[in-house]
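Engineer: model.tsv is the file, holding TSV, C-alpha atoms and all ligand atoms:
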chain	number	residue	atom	x	y	z
A	1	MET	CA	107.77	18.54	160.79
A	2	THR	CA	106.99	19.99	164.21
A	3	LYS	CA	109.52	19.74	166.99
A	4	LEU	CA	107.11	17.55	169.03
A	5	ILE	CA	106.73	14.96	166.23
A	6	LYS	CA	110.50	15.00	165.69
A	7	CYS	CA	111.01	14.39	169.39
A	8	VAL	CA	108.60	11.43	169.49
A	9	LEU	CA	110.25	9.95	166.37
A	10	LEU	CA	113.68	10.33	167.94
A	11	ILE	CA	112.58	8.49	171.05
A	12	ILE	CA	110.98	5.65	169.02
A	13	ILE	CA	114.13	5.29	166.89
A	14	LEU	CA	116.37	5.34	169.96
A	15	ILE	CA	114.35	2.71	171.85
A	16	SER	CA	114.16	0.37	168.84
A	17	ALA	CA	117.91	0.75	168.24
A	18	ILE	CA	118.83	-0.10	171.81
A	19	GLY	CA	116.57	-3.16	171.76
A	20	SER	CA	118.31	-4.54	168.69
A	21	CYS	CA	121.91	-4.24	169.91
A	22	ALA	CA	123.68	-7.61	169.86
A	23	CYS	CA	125.85	-6.94	172.92
A	24	SER	CA	123.43	-4.84	174.94
A	25	ALA	CA	123.52	-5.85	178.59
A	26	GLU	CA	122.43	-2.78	180.50
A	27	SER	CA	119.49	-0.53	179.91
A	28	THR	CA	121.41	2.64	180.72
A	29	ASN	CA	123.44	4.09	177.90
A	30	ILE	CA	126.47	6.30	177.96
A	31	ARG	CA	127.56	8.98	175.49
A	32	VAL	CA	131.11	8.85	174.17
A	33	GLY	CA	132.53	11.90	172.38
A	34	LEU	CA	134.18	10.75	169.12
A	35	TYR	CA	134.54	14.14	167.39
A	36	TYR	CA	134.06	17.43	169.27
A	37	ASN	CA	135.58	20.89	169.68
A	38	GLY	CA	139.12	20.64	168.23
A	39	THR	CA	138.42	17.26	166.61
A	40	ALA	CA	135.05	18.27	165.11
A	41	LYS	CA	134.87	17.47	161.37
A	42	ALA	CA	133.67	19.12	158.18
A	43	GLU	CA	132.29	15.78	156.93
A	44	ALA	CA	131.43	12.38	158.38
A	45	VAL	CA	130.63	9.25	156.36
A	46	LEU	CA	128.48	6.53	157.89
A	47	GLU	CA	128.04	3.03	156.51
A	48	SER	CA	126.65	-0.22	157.85
A	49	GLY	CA	125.95	-3.85	156.91
A	50	GLY	CA	122.25	-2.97	156.96
A	51	ARG	CA	120.31	0.21	156.39
A	52	ILE	CA	120.76	3.32	158.52
A	53	ASP	CA	117.72	5.20	159.76
A	54	ILE	CA	118.24	8.91	160.24
A	55	THR	CA	116.16	11.51	162.01
A	56	GLY	CA	113.74	13.00	159.53
A	57	GLY	CA	115.06	10.87	156.67
A	58	ALA	CA	112.44	9.69	154.20
A	59	ALA	CA	114.02	6.27	153.71
A	60	PRO	CA	116.88	4.32	155.25
A	61	TYR	CA	120.23	4.07	153.47
A	62	TYR	CA	123.35	1.90	153.52
A	63	TYR	CA	125.56	4.95	153.11
A	64	VAL	CA	125.06	8.50	154.33
A	65	LYS	CA	127.32	11.51	154.43
A	66	ALA	CA	126.86	14.37	156.90
A	67	VAL	CA	128.33	17.69	155.73
A	68	PHE	CA	128.89	20.83	157.78
A	69	GLU	CA	127.50	23.90	156.00
A	70	ASN	CA	129.84	26.83	156.57
A	71	GLU	CA	127.36	29.52	155.59
A	72	SER	CA	124.37	28.49	157.67
A	73	GLY	CA	126.30	26.70	160.40
A	74	GLY	CA	123.92	23.77	159.94
A	75	MET	CA	124.31	20.25	158.55
A	76	SER	CA	123.18	18.53	155.34
A	77	VAL	CA	122.90	14.77	154.94
A	78	TYR	CA	123.40	13.11	151.54
A	79	ASN	CA	122.99	9.55	150.28
A	80	SER	CA	125.51	7.63	148.17
A	81	GLU	CA	124.23	9.35	144.98
A	82	ASN	CA	124.88	12.74	146.58
A	83	VAL	CA	121.17	13.45	146.86
A	84	LEU	CA	120.23	15.64	149.80
A	85	ILE	CA	118.04	13.57	152.13
A	86	ALA	CA	117.82	15.76	155.25
A	87	GLY	CA	118.90	19.12	156.63
A	88	PHE	CA	119.55	20.25	160.21
A	89	GLU	CA	120.05	23.59	161.83
A	90	LYS	CA	122.97	24.49	164.05
A	91	ASN	CA	122.80	22.60	167.38
A	92	GLU	CA	119.99	20.37	166.07
A	93	PRO	CA	121.10	16.74	166.57
A	94	CYS	CA	120.52	13.96	164.06
A	95	LEU	CA	120.49	10.31	165.14
A	96	PHE	CA	121.96	7.64	162.87
A	97	VAL	CA	120.53	4.26	163.79
A	98	PRO	CA	121.88	1.09	162.12
A	99	GLU	CA	119.77	-1.99	161.48
A	100	ALA	CA	122.84	-4.23	161.56
A	101	GLY	CA	123.97	-3.46	165.13
A	102	TYR	CA	126.99	-1.37	164.18
A	103	LEU	CA	127.93	1.77	162.30
A	104	SER	CA	131.09	2.41	160.38
A	105	LEU	CA	132.11	6.04	160.97
A	106	ASP	CA	134.82	7.17	158.55
A	107	GLY	CA	135.93	3.54	158.27
A	108	LYS	CA	135.87	2.67	162.00
A	109	LYS	CA	133.16	0.39	163.36
A	110	TYR	CA	131.15	1.31	166.47
A	111	ARG	CA	128.38	-0.44	168.35
A	112	GLY	CA	125.23	1.47	169.28
A	113	ILE	CA	124.15	4.58	167.43
A	114	CYS	CA	125.71	7.93	166.50
A	115	GLU	CA	124.37	11.40	167.15
A	116	ILE	CA	125.75	14.13	164.91
A	117	THR	CA	125.26	17.84	165.56
A	118	ALA	CA	126.53	20.90	163.70
A	119	THR	CA	128.37	23.10	166.20
A	120	ASP	CA	130.53	26.24	165.94
A	121	SER	CA	133.64	24.09	165.46
A	122	GLY	CA	132.12	21.62	162.95
A	123	LEU	CA	130.36	18.28	163.22
A	124	LYS	CA	130.23	16.85	166.72
A	125	VAL	CA	129.80	13.06	166.76
A	126	ILE	CA	128.69	11.19	169.86
A	127	ASN	CA	128.50	7.39	170.07
A	128	ILE	CA	125.56	6.30	172.25
A	129	LEU	CA	125.75	2.73	173.55
A	130	SER	CA	125.38	0.54	176.64
A	131	VAL	CA	128.21	0.43	179.17
A	132	ASP	CA	128.85	-3.24	178.35
A	133	GLU	CA	129.07	-2.50	174.62
A	134	TYR	CA	131.49	0.29	175.48
A	135	ILE	CA	133.61	-2.00	177.69
A	136	CYS	CA	133.93	-4.40	174.73
A	137	GLY	CA	135.81	-1.60	172.93
A	138	VAL	CA	137.91	-0.67	175.97
A	139	LEU	CA	139.16	-3.96	177.40
A	140	PRO	CA	141.55	-5.01	174.59
A	141	ASN	CA	143.38	-1.68	175.06
A	142	GLU	CA	143.76	-2.25	178.81
A	143	ILE	CA	144.82	-5.91	179.13
A	144	TYR	CA	146.36	-8.72	177.06
A	145	PRO	CA	143.39	-10.59	175.50
A	146	SER	CA	145.49	-13.80	175.60
A	147	TRP	CA	145.53	-13.83	179.41
A	148	GLY	CA	143.46	-16.32	181.44
A	149	ARG	CA	139.68	-16.20	181.50
A	150	GLU	CA	139.39	-15.18	185.18
A	151	ALA	CA	141.96	-12.40	184.70
A	152	LEU	CA	139.91	-11.03	181.79
A	153	LYS	CA	136.72	-11.24	183.86
A	154	ALA	CA	138.39	-9.35	186.74
A	155	ALA	CA	139.49	-6.73	184.20
A	156	ALA	CA	135.96	-6.50	182.75
A	157	VAL	CA	134.40	-5.92	186.19
A	158	THR	CA	137.00	-3.34	187.21
A	159	ALA	CA	136.77	-1.52	183.85
A	160	ARG	CA	132.98	-1.42	184.24
A	161	SER	CA	133.27	0.00	187.79
A	162	PHE	CA	135.83	2.56	186.68
A	163	THR	CA	133.52	3.58	183.82
A	164	TRP	CA	130.48	4.10	186.03
A	165	ALA	CA	132.49	6.12	188.54
A	166	LYS	CA	134.02	8.16	185.70
A	167	VAL	CA	130.65	8.82	184.05
A	168	ARG	CA	129.20	10.12	187.31
A	169	GLY	CA	132.08	12.50	187.90
A	170	SER	CA	132.70	13.41	184.24
A	171	ASN	CA	133.87	16.88	183.28
A	172	HIS	CA	132.64	16.36	179.69
A	173	HIS	CA	128.96	16.83	180.53
A	174	GLY	CA	129.16	20.47	179.46
A	175	ASP	CA	130.07	19.27	175.96
A	176	GLY	CA	127.10	16.91	175.85
A	177	PHE	CA	128.73	13.56	176.53
A	178	ASP	CA	130.09	11.41	179.35
A	179	LEU	CA	133.50	10.11	178.27
A	180	CYS	CA	136.16	10.91	175.69
A	181	THR	CA	138.12	8.22	173.83
A	182	THR	CA	141.61	8.99	175.15
A	183	THR	CA	143.59	8.17	178.29
A	184	HIS	CA	141.96	11.25	179.86
A	185	CYS	CA	138.97	8.94	180.43
A	186	GLN	CA	139.69	5.46	178.99
A	187	VAL	CA	141.09	4.50	175.60
A	188	TYR	CA	138.10	3.45	173.46
A	189	ARG	CA	138.45	2.45	169.82
A	190	GLY	CA	135.04	0.94	169.13
A	191	MET	CA	134.58	-2.46	167.48
A	192	SER	CA	137.77	-2.27	165.47
A	193	THR	CA	139.90	-3.52	168.38
A	194	GLU	CA	137.38	-5.93	169.92
A	195	VAL	CA	138.58	-9.48	170.62
A	196	ASP	CA	136.39	-12.55	171.28
A	197	SER	CA	138.09	-13.43	174.58
A	198	THR	CA	137.59	-9.99	176.14
A	199	ASN	CA	134.03	-9.74	174.78
A	200	GLU	CA	133.25	-13.10	176.43
A	201	ALA	CA	134.61	-11.75	179.73
A	202	VAL	CA	132.27	-8.75	179.41
A	203	PHE	CA	129.22	-10.96	178.71
A	204	ALA	CA	130.14	-13.44	181.48
A	205	THR	CA	130.18	-10.65	184.08
A	206	GLU	CA	127.23	-8.73	182.62
A	207	GLY	CA	126.43	-5.62	184.66
A	208	GLU	CA	128.73	-6.54	187.59
A	209	VAL	CA	130.72	-3.86	189.39
A	210	VAL	CA	132.92	-3.52	192.49
A	211	LYS	CA	131.16	-1.86	195.42
A	212	TYR	CA	132.31	-0.68	198.84
A	213	GLY	CA	129.64	0.25	201.37
A	214	GLY	CA	127.02	0.33	198.59
A	215	SER	CA	128.95	2.72	196.32
A	216	VAL	CA	130.63	1.85	193.03
A	217	VAL	CA	134.42	1.86	193.41
A	218	SER	CA	136.54	3.84	190.94
A	219	THR	CA	138.82	0.82	190.57
A	220	VAL	CA	142.35	1.90	189.79
A	221	TYR	CA	145.13	-0.44	188.73
A	222	SER	CA	148.71	-0.45	187.60
A	223	SER	CA	150.73	-2.81	185.50
A	224	ASN	CA	153.07	-4.28	188.14
A	225	SER	CA	152.91	-3.63	191.91
A	226	GLY	CA	156.58	-4.50	192.31
A	227	GLY	CA	155.53	-7.17	194.82
A	228	TYR	CA	153.93	-4.68	197.24
A	229	THR	CA	150.63	-2.84	196.73
A	230	GLU	CA	150.40	0.75	197.94
A	231	GLY	CA	147.91	2.76	199.97
A	232	SER	CA	146.48	5.71	198.07
A	233	GLU	CA	147.64	8.12	200.79
A	234	ASN	CA	151.27	7.31	199.92
A	235	VAL	CA	150.78	8.04	196.21
A	236	TRP	CA	148.12	10.73	195.93
A	237	TYR	CA	146.25	12.36	198.81
A	238	ALA	CA	143.67	10.76	201.08
A	239	ALA	CA	143.62	7.24	202.45
A	240	VAL	CA	140.90	5.03	200.94
A	241	PRO	CA	139.89	1.93	202.95
A	242	TYR	CA	140.03	-0.53	200.04
A	243	TYR	CA	143.46	0.61	198.78
A	244	VAL	CA	145.75	-1.15	201.23
A	245	SER	CA	149.54	-1.31	201.34
A	246	LYS	CA	150.56	-4.96	201.67
A	247	PRO	CA	152.89	-7.60	200.22
A	248	ASP	CA	151.66	-8.89	196.85
A	249	PRO	CA	152.96	-12.46	196.46
A	250	TYR	CA	151.22	-12.83	193.08
A	251	THR	CA	153.22	-10.15	191.29
A	252	GLU	CA	156.75	-10.97	190.25
A	253	PRO	CA	158.48	-7.59	190.33
A	254	ASN	CA	160.00	-6.28	187.13
A	255	THR	CA	163.22	-4.36	187.69
A	256	TRP	CA	164.46	-1.25	185.93
A	257	THR	CA	167.34	1.23	185.97
A	258	VAL	CA	167.32	4.88	184.89
A	259	ASN	CA	170.42	7.11	184.76
A	260	TYR	CA	170.50	10.88	184.85
A	261	THR	CA	173.49	13.18	184.76
A	262	ALA	CA	173.53	16.12	187.16
A	263	ASP	CA	173.22	18.41	184.12
A	264	GLU	CA	170.12	16.62	182.85
A	265	ILE	CA	168.40	17.02	186.21
A	266	GLU	CA	169.41	20.69	186.35
A	267	GLN	CA	167.81	21.17	182.92
A	268	LYS	CA	164.66	19.32	184.00
A	269	LEU	CA	164.35	21.68	186.96
A	270	LYS	CA	164.85	24.73	184.75
A	271	LYS	CA	162.03	23.51	182.49
A	272	ILE	CA	159.62	23.81	185.43
A	273	GLY	CA	161.05	27.18	186.44
A	274	LYS	CA	163.32	25.98	189.27
A	275	ASN	CA	166.93	27.08	189.23
A	276	ILE	CA	168.95	25.65	192.12
A	277	GLY	CA	172.25	25.58	190.22
A	278	LYS	CA	174.41	22.52	189.72
A	279	VAL	CA	172.81	19.41	191.19
A	280	ARG	CA	175.10	17.89	193.83
A	281	ASN	CA	172.97	15.23	195.52
A	282	ILE	CA	169.59	13.52	195.71
A	283	THR	CA	168.19	12.14	198.95
A	284	ILE	CA	165.08	10.08	199.71
A	285	ASP	CA	163.83	11.64	202.93
A	286	GLU	CA	160.74	9.55	203.58
A	287	THR	CA	159.55	6.13	202.41
A	288	ALA	CA	156.36	4.09	202.79
A	289	PRO	CA	156.51	0.61	204.40
A	290	SER	CA	156.57	-0.79	200.84
A	291	GLY	CA	159.81	1.11	200.19
A	292	ARG	CA	158.16	3.60	197.82
A	293	ALA	CA	159.58	7.10	198.03
A	294	ILE	CA	157.20	9.56	199.66
A	295	LYS	CA	159.56	12.56	199.80
A	296	LEU	CA	162.71	13.20	197.77
A	297	THR	CA	164.99	16.23	197.78
A	298	ILE	CA	167.31	17.45	195.03
A	299	HIS	CA	170.28	19.33	196.50
A	300	GLY	CA	171.66	22.06	194.27
A	301	GLU	CA	174.55	24.45	194.81
A	302	ASN	CA	172.02	27.30	195.22
A	303	GLY	CA	169.20	25.58	197.02
A	304	LEU	CA	166.93	22.59	197.47
A	305	TYR	CA	163.91	21.29	195.60
A	306	SER	CA	161.62	18.65	197.10
A	307	LEU	CA	159.13	16.36	195.39
A	308	GLU	CA	156.45	14.22	196.97
A	309	LYS	CA	154.66	10.95	196.21
A	310	ASP	CA	153.65	10.33	192.59
A	311	ASN	CA	155.11	13.69	191.50
A	312	ILE	CA	158.52	12.08	191.99
A	313	ARG	CA	157.64	9.48	189.35
A	314	SER	CA	156.35	12.00	186.85
A	315	PHE	CA	159.24	14.47	187.32
A	316	PHE	CA	161.94	11.84	186.74
A	317	GLU	CA	159.77	9.88	184.26
A	318	LEU	CA	160.26	6.69	186.26
A	319	LYS	CA	158.18	3.52	186.04
A	320	SER	CA	157.40	3.63	189.77
A	321	THR	CA	158.34	5.29	193.07
A	322	LEU	CA	159.64	1.96	194.41
A	323	PHE	CA	163.35	2.67	193.92
A	324	THR	CA	166.70	3.49	195.49
A	325	VAL	CA	168.98	6.21	194.16
A	326	SER	CA	172.77	6.24	194.16
A	327	SER	CA	175.31	8.62	192.70
A	328	SER	CA	178.54	8.11	190.85
A	329	GLY	CA	181.53	9.90	189.36
A	330	GLY	CA	181.58	13.05	191.41
A	331	VAL	CA	184.26	12.20	193.96
A	332	VAL	CA	186.65	10.70	191.40
A	333	LYS	CA	186.21	13.62	189.05
A	334	SER	CA	186.66	16.11	191.87
A	335	LEU	CA	189.87	14.43	193.02
A	336	ILE	CA	191.28	14.48	189.50
A	337	ALA	CA	190.26	18.12	189.13
A	338	ALA	CA	191.91	18.95	192.47
A	339	ILE	CA	195.19	17.21	191.51
A	340	ILE	CA	195.28	19.01	188.14
A	341	GLU	CA	194.61	22.27	189.92
A	342	MET	CA	197.44	21.57	192.38
A	343	GLU	CA	199.88	20.74	189.59
A	344	ASN	CA	198.94	23.84	187.63
A	345	SER	CA	199.21	26.16	190.59
A	346	VAL	CA	202.12	28.55	190.87
A	347	ASP	CA	203.53	27.09	194.06
A	348	GLY	CA	202.80	23.47	193.08
A	349	GLY	CA	200.35	22.64	195.88
A	350	GLY	CA	199.26	25.61	197.89
A	351	ALA	CA	196.14	26.26	195.76
A	352	PHE	CA	194.32	23.08	196.77
A	353	LYS	CA	190.68	24.00	197.19
A	354	LEU	CA	188.36	21.97	199.38
A	355	ALA	CA	185.41	23.25	197.40
A	356	THR	CA	186.59	21.34	194.36
A	357	LEU	CA	186.38	18.10	196.32
A	358	ASN	CA	182.83	18.94	197.32
A	359	GLY	CA	181.69	19.19	193.71
A	360	GLY	CA	178.87	16.65	194.05
A	361	ALA	CA	177.99	13.68	191.86
A	362	ASP	CA	178.13	13.52	188.08
A	363	SER	CA	175.26	11.15	187.65
A	364	PHE	CA	172.46	9.48	189.55
A	365	ILE	CA	171.27	5.93	189.16
A	366	PHE	CA	167.70	4.98	189.99
A	367	ASN	CA	167.23	1.25	190.55
A	368	GLY	CA	163.58	0.34	190.84
A	369	LYS	CA	160.85	-2.28	190.80
A	370	GLY	CA	157.28	-2.27	189.52
A	371	TYR	CA	155.45	-0.34	186.82
A	372	GLY	CA	152.80	2.22	187.73
A	373	HIS	CA	151.57	3.74	191.00
A	374	GLY	CA	150.99	0.36	192.71
A	375	VAL	CA	147.54	1.30	194.06
A	376	GLY	CA	144.66	-1.17	193.55
A	377	MET	CA	144.98	-4.10	191.19
A	378	SER	CA	148.32	-5.20	189.81
A	379	GLN	CA	147.61	-6.42	186.29
A	380	TRP	CA	150.45	-8.95	186.31
A	381	GLY	CA	149.31	-10.19	189.72
A	382	CYS	CA	145.79	-10.53	188.31
A	383	LYS	CA	147.17	-12.64	185.45
A	384	ASN	CA	149.19	-14.85	187.82
A	385	MET	CA	146.26	-15.35	190.21
A	386	SER	CA	144.13	-16.45	187.26
A	387	ASP	CA	146.87	-18.88	186.15
A	388	LEU	CA	147.03	-20.25	189.71
A	389	GLY	CA	143.31	-21.07	189.61
A	390	PHE	CA	141.80	-18.14	191.52
A	391	GLY	CA	138.41	-16.85	190.38
A	392	TYR	CA	137.82	-13.25	189.32
A	393	ARG	CA	136.00	-12.51	192.60
A	394	ASP	CA	139.04	-13.75	194.58
A	395	ILE	CA	141.33	-11.53	192.50
A	396	ILE	CA	139.15	-8.46	193.10
A	397	ALA	CA	138.81	-9.27	196.84
A	398	PHE	CA	142.62	-9.43	197.15
A	399	TYR	CA	143.35	-6.13	195.41
A	400	PHE	CA	140.30	-4.15	196.64
A	401	GLU	CA	139.97	-5.10	200.31
A	402	GLY	CA	136.52	-5.22	201.85
A	403	THR	CA	134.68	-4.76	198.54
A	404	THR	CA	131.98	-6.94	196.96
A	405	VAL	CA	131.23	-7.78	193.33
A	406	THR	CA	127.57	-7.12	192.64
A	407	ALA	CA	125.12	-5.88	190.01
A	408	ILE	CA	125.19	-2.17	189.29
B	1	ZN	ZN	137.91	12.40	178.98
Would you mind writing the file out in structure tokens?
Structural biologist:
Amino acid sequence: MTKLIKCVLLIIILISAIGSCACSAESTNIRVGLYYNGTAKAEAVLESGGRIDITGGAAPYYYVKAVFENESGGMSVYNSENVLIAGFEKNEPCLFVPEAGYLSLDGKKYRGICEITATDSGLKVINILSVDEYICGVLPNEIYPSWGREALKAAAVTARSFTWAKVRGSNHHGDGFDLCTTTHCQVYRGMSTEVDSTNEAVFATEGEVVKYGGSVVSTVYSSNSGGYTEGSENVWYAAVPYYVSKPDPYTEPNTWTVNYTADEIEQKLKKIGKNIGKVRNITIDETAPSGRAIKLTIHGENGLYSLEKDNIRSFFELKSTLFTVSSSGGVVKSLIAAIIEMENSVDGGGAFKLATLNGGADSFIFNGKGYGHGVGMSQWGCKNMSDLGFGYRDIIAFYFEGTTVTAI
């Protein structure tokens, strides 16, 4: 078969597949990398409720197995009776198009179609589907499907906006796809985790995104704002007009406490190559109007180490930067140590050392509120607004100031 005929066939198969998708809501598809590079496979089994058309295949099948050929670097495709039905050279993609609207890849169901290519590292599998079909497989991993209808719709619109923004700025394009399936992009598990309530929210808001000044917003969110949303400039770098720091009356703050000993913090610093000796104190040097820490300094016996903004949260593995820090133990321990030292000294008192009293704290207690960076939508606030009767557009307008919800 010539390359031109193959190409035309591919296009016909692709168009007919997209037209038959049950959940298709947008004409533009995205490519999601399921297996690639380190996760590329030696074999991939595809099944479906109906037949599966494959590029260059003589007849459709209910079961097909793609096998990576070590010697040639290409790919062979077999049917359920292990009969070879098609062969592909290295880097020559094969499309697997289901009649039934889904494919089962190694036991996991996916909407849309799959493209499999033999690469240097094995079989690369890409799931091609509409953004709305993709969101159906994302939303249950991002929000509780039992939450109110308007909360789920707000989550569907923000997930769709985030997806479009992510696709446009993706760093996976060099590997032939738009998004991966992990938290690096968004957690996507295909149809296996889909839930009716979240799917309904996707269909009810078909194609809608959040825009600011005509551009799609990369809508960020966190679990709990702690009762005060945060401006992006206080967490990351630049100020963004729709990420505003303001009281959030719809989020009931969760509270948390984390304890660290001075030794544990010293070890944490050593792990990142910073040795400032025994940790004596921690100070919050600058806070945002919300109370979130913007600059924090760890005081060691041999120096200082400062952290800023969200790096504070990641270094101490805290739920948020909305916290206060206090110390304990150091003064009491130092006094006891000083008294023992005095008693043990030759002259019974003359060896009192001030330095012993200045030994610093034993442990540090972080008392905080909120969960996540606090920028953009607070998921618990979104839930509460929905329960209070607000619509999904009201929820989005509150958390993304000055934006509009509109078709992509
Ligand atoms: Zn990714």
Engineer: For ligand ZN 1 (chain B), return the neighbouring residues as a PyMOL selection string (distance at most 6 Å; only C-alpha atoms and all ligand atoms).
Structural biologist: chain A and resi 179-180+184-185
Engineer: Residues around (127.3, -4.4, 189.3), cut-off 7 Å, counting all atoms listed in the file - what are they as a compact mmCIF listing (two decimals) with C-alpha atoms, keeping the file's coordinate frame?
Structural biologist:
# COMPACT_ATOMS: atom_id res chain seq x y z
CA GLY A 207 126.43 -5.62 184.66
CA GLU A 208 128.73 -6.54 187.59
CA VAL A 209 130.72 -3.86 189.39
CA VAL A 210 132.92 -3.52 192.49
CA VAL A 405 131.23 -7.78 193.33
CA THR A 406 127.57 -7.12 192.64
CA ALA A 407 125.12 -5.88 190.01
CA ILE A 408 125.19 -2.17 189.29
Engineer: Do you have the CA of Asn199 in chain A-CA of Lys166 in chain A distance handy?
Structural biologist: 21.0 Å
Engineer: List as a ChimeraX atom specification the protein and nucleic acid residues near range 26-40 of chain A, meaning an atom at most 7 Å away when only C-alpha atoms are counted, but skip any in the same chain fewer than 2 places from it.
Structural biologist: /A:24,121-132,177-181,207
Engineer: Restricting the calculation to all atoms listed in the file: of A:Gly57, A:Gly360, A:Gly49, A:Pro93, which residue gets closest to Tyr78 in chain A?
Structural biologist: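 Checking each of A:Gly57, A:Gly360, A:Gly49, A:Pro93 against Tyr78 in chain A, counting all atoms listed in the file, the winner is A:Gly57.
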Engineer: My list of candidates is A:Arg160, A:Lys153, A:Arg111, A:Arg51. Which is closest to Ala201 in chain A when distances are computed with all atoms listed in the file?
Structural biologist: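 Closest to Ala201 in chain A of all the choices is A:Lys153.
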Engineer: Rank A:Glu301, A:Asp120, A:Glu142, A:Glu308 by their smallest atom-to-atom distance to Tyr237 in chain A, using all atoms listed in the file, and report the top residue only.
Structural biologist: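 Closest residue, counting all atoms listed in the file: A:Glu308.
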Engineer: Give the answer as one residue: which of A:Ile54, A:Thr117, A:Thr257, A:Gly101 has the shortest atom-to-atom distance to Gly74 in chain A, using only C-alpha atoms?
Structural biologist: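 Of the candidates, the smallest distance to Gly74 in chain A is held by A:Thr117.
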Engineer: Show me a table, sorted first by chain and then by increasing residue number, of the residues of range 78-184 of chain A having an atom at most 8 Å from range 380-399 of chain A, each with its shortest atom pair and the distance in Å to one decimal, counting all atoms listed in the file and written as JSON lines.
Structural biologist:
{"residue": "A:Trp147", "atom": "CA", "partner": "A:Lys383", "partner_atom": "CA", "distance": 6.4}
{"residue": "A:Gly148", "atom": "CA", "partner": "A:Ser386", "partner_atom": "CA", "distance": 5.9}
{"residue": "A:Arg149", "atom": "CA", "partner": "A:Ser386", "partner_atom": "CA", "distance": 7.3}
{"residue": "A:Glu150", "atom": "CA", "partner": "A:Tyr392", "partner_atom": "CA", "distance": 4.8}
{"residue": "A:Ala151", "atom": "CA", "partner": "A:Ser386", "partner_atom": "CA", "distance": 5.3}
{"residue": "A:Lys153", "atom": "CA", "partner": "A:Tyr392", "partner_atom": "CA", "distance": 5.9}
{"residue": "A:Ala154", "atom": "CA", "partner": "A:Tyr392", "partner_atom": "CA", "distance": 4.7}
Engineer: Work out how far apart CA of Lys108 in chain A and CA of Ser161 in chain A are and give it in Å to one decimal.
Structural biologist: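 Taking CA of Lys108 in chain A and CA of Ser161 in chain A, their separation equals 26.1 Å.
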Engineer: When distances are computed from all atoms listed in the file, which of A:Tyr221, A:Leu152, A:Tyr62, A:Ala361 shows the smallest separation from Val195 in chain A?
Structural biologist: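 With all atoms listed in the file as the atom set, the closest residue is A:Leu152.
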Engineer: Find the residues near Ser326 in chain A: any atom within 12 Å, counting only C-alpha atoms, skip ones fewer than 5 places away on the same chain, and give them as a ChimeraX atom specification.
Structural biologist: /A:257-261,280-284,361-368
